[in-house]
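Heads up: the structure comes next, in structure tokens.
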Amino acid sequence: MPVWDDLVGQDRVSAQLEAAARDADAYVTAAAARTELPSSSKMTHAWLFTGPPGSGRSTAARAFGAALQCVSPDRALGGTPGCGFCDGCHTALVGTHADVEVVRTDLLSIGVKETRDLVRRAQMSPAGGRWQVIVLEDADRLTEGAGNVLLKAVEEPAPRTVWLLCAPSLEDVLPTIRSRCRHLTLRTPPVSAVADILVRRDGIEPPVAAAVAQATQGHIGRARRLATDPRARERRAAVLKLPLRVADIGGCLKAAQELIDSAGDDAKQLAEEVDTKETEDLKAALGGGQGGRMPRGTAGVMKDLEDRQKRRRTRTQRDTLDLALTDLTGFYRDVLALQLGSQVALSNVDQRDHLERLARSSSPEATLRRIEAISACREALERNVAPLLAVEAMTMALRAG
């Protein structure tokens with residue numbers, strides 16, 4: 001299966017990347033001694049993939065990275081690089097290719113130190129592949145200092161190094177960096193395309209696939225998680241009950257606290273699954289003896305790990321809260337659609353009774369104010385406002401309408 005099949009509903013982007021992969025293949029095959037790509041080439045050394053959550057930014061970047069490493073013999077017969085079966089494609093997609101570095105962070109930001117390590121790697125020649133590929137999935141999380149470190153590498157890349165940056169929008173990337181990248185915009189995939197790939201690739205029953213694809217409005221990752229994870233369905237159902245629980249101040253405060261507790265439980269669960277193993281592995285590597293006694297000089301290393309784990313728990317809590325707020329926004333969007341008599345398909349068909357009740361008991365203006373309150377809560381969380389305070393303010397605004 002070609003690597004491009006992973007790009008759901010992105011035909012235009014797939015065509016652009018295929019053309020670039022062909023030119024890149026011709027460049028490496030026929031002109032290895034050249035230091036610059038021809039001016040007419042559709043290939044370039046820095047790309048920026050943007051699009052809404054769930055559009056497949058990182059999937060497109062990884063697929064392109066695999067195509068650049070493709071060694072299929074069909075290329076000599078006119079085939080497009082990116083067969084999906086050769087050693088280059090397979091190892092790039094599963095993350096074991098020596099010349100494909102995929103960088104993602106479970107922290108709130110990417111700092112200068114990590115970026116300098118990437119830049120040093122980018123200056124190296126490919127170890128065995130055709131290109132040195134750096135996929136930066138969270139380019140929007142670069143600190144200002146890290147962005148300045150990256151700028152020089154993007155501006156003057158090594159001859160066979162390719163930077164593939166991913167971010168939600170152009171505004172999330174420093175202007176100096178985005179001006180030196182070729183920009184590709186991905187769209188939210190059609191609901192029908194998401195349902196189809198869930199059936200074909202994940203073996204999900206068609207009615208379930210259609211329901212979760214509609215509920216998530218084309219977000220592939222969330223749709224797959226809803227279809228396969230009972231806990232995700234339970235959390236979503238609890239969030240969608242919140243609009244019915246804010247009739248009084250006590251209900252507002254209780255609903256806010258439960259939302260925060262749920263996000264905290266998710267962060268705690270991740271910590272239990274990951275942190276313990278990380279800590280034990282590091283202790284073993286540092287030569288920790290029986291009874292947990294550590295050698296001298298290792299306290300700083302252990303403290304760094306604890307700080308990283310704490311930042312990861314913070315991001316997990318925020319990501320869970322953001323997902324809940326996205327579901328709430330979709331709920332009120334459905335209420336607004338009913339109030340305006342729109343023919344747009346509802347995301348939360350299973351909640352139609354509740355949607356109709358709220359639509360009858362309020363006005364479109366009140367629904368818009370509630371959607372704005374949710375957006376304000378998300379912005380407050382991004383500014384590091386205390387989560388409970390931000391969510392309590394939101395629930396009170398939902399009650400006021």
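Residues in the structure tokens are numbered from 1 in each chain, the chains being A, B, ... in the order shown, and ligands are numbered from 1 in the order shown.
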Segment 210-261 of chain A residues near segment 168-189 of chain A within 10 Å, closest pair each, using only C-alpha atoms, as a tab-separated table:
residue	atom	partner	partner_atom	distance
A:Ala213	CA	A:Pro189	CA	9.9
A:Gln217	CA	A:Thr188	CA	8.2
A:Gly218	CA	A:Pro189	CA	5.3
A:His219	CA	A:Thr188	CA	7.1
A:Ile220	CA	A:Pro189	CA	8.0
(message) Just want the 12 Å neighbourhood of Asp196 of chain A, counted on only C-alpha atoms, with same-chain residues fewer than 2 positions away dropped. Output as a list in words.
(response) Val8, Gly9, Pro189, Pro190, Val191, Ser192, Ala193, Val194, Leu198, Val199, Arg200, Arg201, Asp202, Gly203, Ile204, Glu205, Pro206, Pro207, Val208, Ala209, Ala210, Ala211, Val212, Ala213, Gln214, Gly218, Ile220, Ala223 and Arg224 of chain A
Please identify every residue of segment 249-338 of chain A that has at least one atom no farther than 10 Å from an atom of segment 380-398 of chain A, counting only C-alpha atoms, and for each give the shortest atom pair and the distance in Å to one decimal, arranged by chain then increasing number, as a tab-separated table.
residue	atom	partner	partner_atom	distance
A:Ile249	CA	A:Met396	CA	7.1
A:Gly250	CA	A:Met396	CA	9.8
A:Gly251	CA	A:Thr395	CA	8.8
A:Cys252	CA	A:Thr395	CA	5.2
A:Leu253	CA	A:Glu392	CA	5.9
A:Lys254	CA	A:Glu392	CA	8.8
A:Ala255	CA	A:Thr395	CA	7.6
A:Ala256	CA	A:Glu392	CA	5.3
A:Gln257	CA	A:Leu388	CA	6.7
A:Glu258	CA	A:Leu388	CA	9.7
A:Leu259	CA	A:Val391	CA	8.1
A:Ile260	CA	A:Leu388	CA	6.4
A:Asp261	CA	A:Leu388	CA	9.4
A:Gln317	CA	A:Pro387	CA	9.1
A:Arg318	CA	A:Leu381	CA	7.5
A:Leu321	CA	A:Pro387	CA	8.7
A:Asp322	CA	A:Leu381	CA	8.7
A:Leu325	CA	A:Val391	CA	9.5
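The closest residue to Arg57 of chain A, picked from A:Gln10, A:Gln69, A:Ser125, A:Thr320 and counting only C-alpha atoms, is A:Gln10.
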Wanna dump the segment 235-325 of chain A-segment 99-115 of chain A contacts at 6 Å for me, each residue with its shortest atom pair and the distance in Å to one decimal, counting only C-alpha atoms, ordered by chain and number, as a Markdown table?
| residue | atom | partner | partner_atom | distance |
| --- | --- | --- | --- | --- |
| A:Arg311 | CA | A:Leu107 | CA | 5.7 |
| A:Arg312 | CA | A:Leu107 | CA | 4.9 |
| A:Arg315 | CA | A:Leu108 | CA | 5.8 |
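Counting only C-alpha atoms, the residue from A:Thr279, A:Gln123, A:Asn148, A:Thr50 that sits nearest to Cys166 of chain A is A:Thr50.
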Segment 362-374 of chain A environment, 6 Å, only C-alpha atoms, sequence neighbours closer than 3 positions dropped, as a PDB file with N, CA and C atoms, in the first residue's frame:
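Writing done, so here's around38.pdb:
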ATOM      1  N   THR A 329     -17.843  22.490  22.637  1.00  0.00           N
ATOM      2  CA  THR A 329     -18.082  23.406  21.528  1.00  0.00           C
ATOM      3  C   THR A 329     -18.953  22.745  20.464  1.00  0.00           C
ATOM      4  N   LEU A 336     -26.992  25.410  18.214  1.00  0.00           N
ATOM      5  CA  LEU A 336     -27.146  26.574  17.340  1.00  0.00           C
ATOM      6  C   LEU A 336     -27.725  26.175  15.982  1.00  0.00           C
ATOM      7  N   ALA A 359     -32.143  23.950  22.788  1.00  0.00           N
ATOM      8  CA  ALA A 359     -32.474  24.844  21.681  1.00  0.00           C
ATOM      9  C   ALA A 359     -33.793  25.577  21.930  1.00  0.00           C
ATOM     10  N   CYS A 377     -12.165  30.159  27.781  1.00  0.00           N
ATOM     11  CA  CYS A 377     -11.556  29.213  28.722  1.00  0.00           C
ATOM     12  C   CYS A 377     -10.310  28.582  28.106  1.00  0.00           C
ATOM     13  N   MET A 394     -15.921  29.459  33.144  1.00  0.00           N
ATOM     14  CA  MET A 394     -16.655  29.005  31.958  1.00  0.00           C
ATOM     15  C   MET A 394     -18.022  28.452  32.320  1.00  0.00           C
ATOM     16  N   LEU A 398     -21.668  29.607  31.103  1.00  0.00           N
ATOM     17  CA  LEU A 398     -22.627  28.722  30.428  1.00  0.00           C
ATOM     18  C   LEU A 398     -24.006  28.812  31.099  1.00  0.00           C
ATOM     19  N   GLY A 401     -25.566  32.272  30.050  1.00  0.00           N
ATOM     20  CA  GLY A 401     -26.001  32.319  28.674  1.00  0.00           C
ATOM     21  C   GLY A 401     -25.752  33.649  28.004  1.00  0.00           C
TER      22      GLY A 401
END
(request) Excluding Lys268 of chain A and residues on its chain fewer than 6 positions from it, collect all residues at most 10 Å away from it, counting only C-alpha atoms, and give them as an MDAnalysis selection string. (result) chainID A and resid 262 274:275 313 316:317
(message) Could you tell me how far atom CA of Arg225 of chain A sits from atom CA of Val133 of chain A, in Å to one decimal place?
(response) 28.9 Å
(message) Let's see if you can do this: from backbone DSSP, list all helix (DSSP H, G or I) residues in segment 277-349 of chain A, as a ChimeraX atom specification.
(response) /A:277-285,290-292,299-340,349
List the neighbours of Gly88 of chain A out to 6 Å using only C-alpha atoms; skip same-chain residues closer than 3 positions along the sequence, and give me the result as a PDB file with C-alpha atoms, in the first residue's frame.
ATOM      1  CA  GLN A  69      13.860   7.130   1.426  1.00  0.00           C
ATOM      2  CA  CYS A  70      12.062   4.795  -1.017  1.00  0.00           C
ATOM      3  CA  VAL A  71      14.376   2.283  -2.739  1.00  0.00           C
ATOM      4  CA  THR A  91      11.626   1.474   8.299  1.00  0.00           C
TER       5      THR A  91
END
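Of the residues in segment 69-262 of chain A, those that DSSP places in strand (DSSP E) on the basis of the backbone are A:Val100, A:Glu101, A:Val102, A:Val103, A:Gln132, A:Val133, A:Ile134, A:Val135, A:Leu136, A:Thr161, A:Val162, A:Trp163, A:Leu164, A:Leu165, A:Cys166, A:Ala167, A:Arg182, A:His183, A:Leu184, A:Thr185.
For the atom pair formed by atom CA of Ala24 of chain A and atom CA of Leu68 of chain A, the distance is 6.9 Å, given to one decimal.
Take atom CA of His97 of chain A and atom CA of Gly84 of chain A: the distance between them is 13.5 Å.
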